[in-house]
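Undergrad: First, the structure itself, so that you have it in front of you.
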Amino acid sequence: MSDSNEFENLAMEYMDQLYSTAKYWTRSEADAADLVQETYLRAFKGFGGFEKGTNLRAWLFRIMKNAHLNMIRKEKTSPQTQDVEEEVAINLSPTNASYLDTLTSKQVEDAISELPQSQKEALLLVELEGFSYKEAADILSIPVGTIMSRLSRARKTLANVLYEYVRKENLITKDTENDKHSGNDKHSEKEVLQKKIEAP
Amino acid sequence: MNDQNVDLNFPTSMPSSSCSFGNTNIAENEMCEQAQNLFDQVMDGETQNSDIVSAARQTLAECEKCQNALDIQLKLRETMNNHLRVAAPQNLRIEISANLKRMDLGKLDITDFFPPNV
């Protein structure tokens with residue numbers, strides 16, 4: 001078996017996971033594809049140094065994190081890549097989970113995009129990919145305690161951002177319904193006004 | 001998702017609205033905050049310590065706010081897994097596989113794709 005066949009047999013099964021994470025790290029399908037490609041090629045290049053029997057998935061994610069850092073350094077301008085722990089301003093917090101039933105994929109994706117990059121990375125690795133705190137900490141080269149605090153903030157922020165989406169949507173729906181109900185009245189008022197203006 | 005999910009066994013009795021977790025000298029919100037960190041660890045499969053799991057269950061039984069917060073976190077996990085999973089494009093698989101074979105044959109090097117000084 002050739003080296004590339006052996007590598008593919010072991011590593012290609014993680015492509016969907018890498019791509020899902022890359023998509024939300026980069027916020028672009030094209031950049032995600034580039035990032036995943038770079039990850040696989042760099043991993044293959046360094047495959048000789050990979051210790052067989054250890055965690056290949058975590059190793060691939062660590063390579064992707066480094067490749068992403070390189071991508072950020074090259075781009076430099078992209079605001080979403082700034083690793084700043086800025087808080088998202090939220091007015092209200094949810095009091096029960098039922099609001100999460102009505103969400104669309106787009107709303108969830110948008111809410112993830114609103115998270116600071118560092119929180120997003122921690123959240124996706126632990127929540128979506130199921131890495132342990134230790135594995136996520138190794139991948140991101142940060143202490144376990146930092147993973148825990150970022151994760152905690154990310155979860156709260158995400159819950160609140162999604163709540164804001166649903167709340168605003170409900171307000172818009174109510175406004176639209178109110179407009180519909182009062183539409184005839186407004187129309188007649190306008191007509192009356194128009195007649196008054198036009199009257200000699 | 002982590003494989004080692006822990007059943008927190010939601011209490012069926014109506015909990016009170018305040019949190020009794022941890023030091024009673026600190027503010028209620030801060031106690032709930034500490035409890036939430038505990039739930040996070042249990043939910044993420046980071047601890048199997050029976051004392052900690054018991055403490056989490058006890059807190060849930062006594063604090064409605066904590067119970068709601070955990071409920072939201074569990075639902076959030078389900079929501080993320082339902083909405084955020086995407087498959088890599090098929091053409092990406094083909095392209096990567098072809099490039100790996102080219103590298104294997106020595107026809108291409110990693111620097112052909114990603115020049116070091118750019």
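How things are named: the first chain in the structure tokens is A, the next is B, and so on; residues count from 1 in each chain; ligands count from 1 in the order shown.
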Considering only C-alpha atoms, give me a table of residues in chain B that are at most 9 Å from chain A, with the closest atom pair and distance in Å for each, as a tab-separated table.
TA:
residue	atom	partner	partner_atom	distance
B:Met1	CA	A:Gly130	CA	4.2
B:Asn2	CA	A:Gly130	CA	4.5
B:Asp3	CA	A:Gly130	CA	7.8
B:Gln36	CA	A:Ser152	CA	8.4
B:Asn37	CA	A:Ser152	CA	7.1
B:Asp40	CA	A:Ser152	CA	7.6
B:Gln41	CA	A:Met148	CA	8.5
B:Asp44	CA	A:Ser132	CA	7.5
B:Gly45	CA	A:Ser132	CA	7.8
B:Glu46	CA	A:Ser132	CA	7.0
B:Lys65	CA	A:Thr95	CA	7.7
B:Asn68	CA	A:Asn96	CA	5.4
B:Ala69	CA	A:Asn96	CA	7.4
B:Asp71	CA	A:Ala97	CA	6.1
B:Ile72	CA	A:Ala97	CA	4.5
B:Gln73	CA	A:Arg155	CA	7.1
B:Leu74	CA	A:Ala97	CA	8.7
B:Lys75	CA	A:Ala97	CA	6.5
B:Leu76	CA	A:Ala159	CA	7.1
B:Arg77	CA	A:Glu127	CA	6.5
B:Thr79	CA	A:Leu100	CA	7.2
B:Met80	CA	A:Leu128	CA	6.9
B:Asn81	CA	A:Leu128	CA	6.2
B:Asn82	CA	A:Ser105	CA	8.2
B:His83	CA	A:Ser105	CA	4.9
B:Leu84	CA	A:Glu109	CA	6.9
B:Arg85	CA	A:Ser20	CA	5.9
B:Val86	CA	A:Ser20	CA	5.3
B:Ala87	CA	A:Asp16	CA	4.9
B:Ala88	CA	A:Asp16	CA	5.0
B:Pro89	CA	A:Ala33	CA	8.3
B:Leu92	CA	A:Ala33	CA	6.8
B:Arg93	CA	A:Met15	CA	8.0
B:Glu95	CA	A:Gln37	CA	8.3
B:Ile96	CA	A:Gln37	CA	6.0
B:Ser97	CA	A:Glu8	CA	7.5
B:Asn99	CA	A:Leu41	CA	7.8
B:Leu100	CA	A:Ser4	CA	6.0
B:Lys101	CA	A:Ser4	CA	5.9
B:Met103	CA	A:Ser4	CA	8.2
B:Asp104	CA	A:Ser4	CA	5.9
B:Asp109	CA	A:Lys45	CA	8.6
B:Ile110	CA	A:Leu41	CA	6.6
B:Phe113	CA	A:Glu38	CA	8.0
B:Phe114	CA	A:Glu38	CA	7.9
B:Val118	CA	A:Lys74	CA	7.6
Undergrad: Which of these, A:Ile139, A:Met71, A:Ile147, A:Ala58, has the shortest distance to Thr26 in chain A once you count only C-alpha atoms?
TA: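 For Thr26 in chain A, the nearest of the given residues is A:Met71.
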Undergrad: Report as a list in words all protein, DNA and RNA residues lying within 9 Å of Phe50 in chain A, evaluated on only C-alpha atoms, omitting residues in the same chain fewer than 6 positions from it.
TA: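 Near neighbours after the sequence-gap exclusion: Ala43, Leu56 and Trp59 of chain A.
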Undergrad: When distances are computed from only C-alpha atoms, which of A:Glu6, A:Ile72, A:Val166, A:Asp31 shows the smallest separation from Gln117 in chain A?
TA: A:Ile72
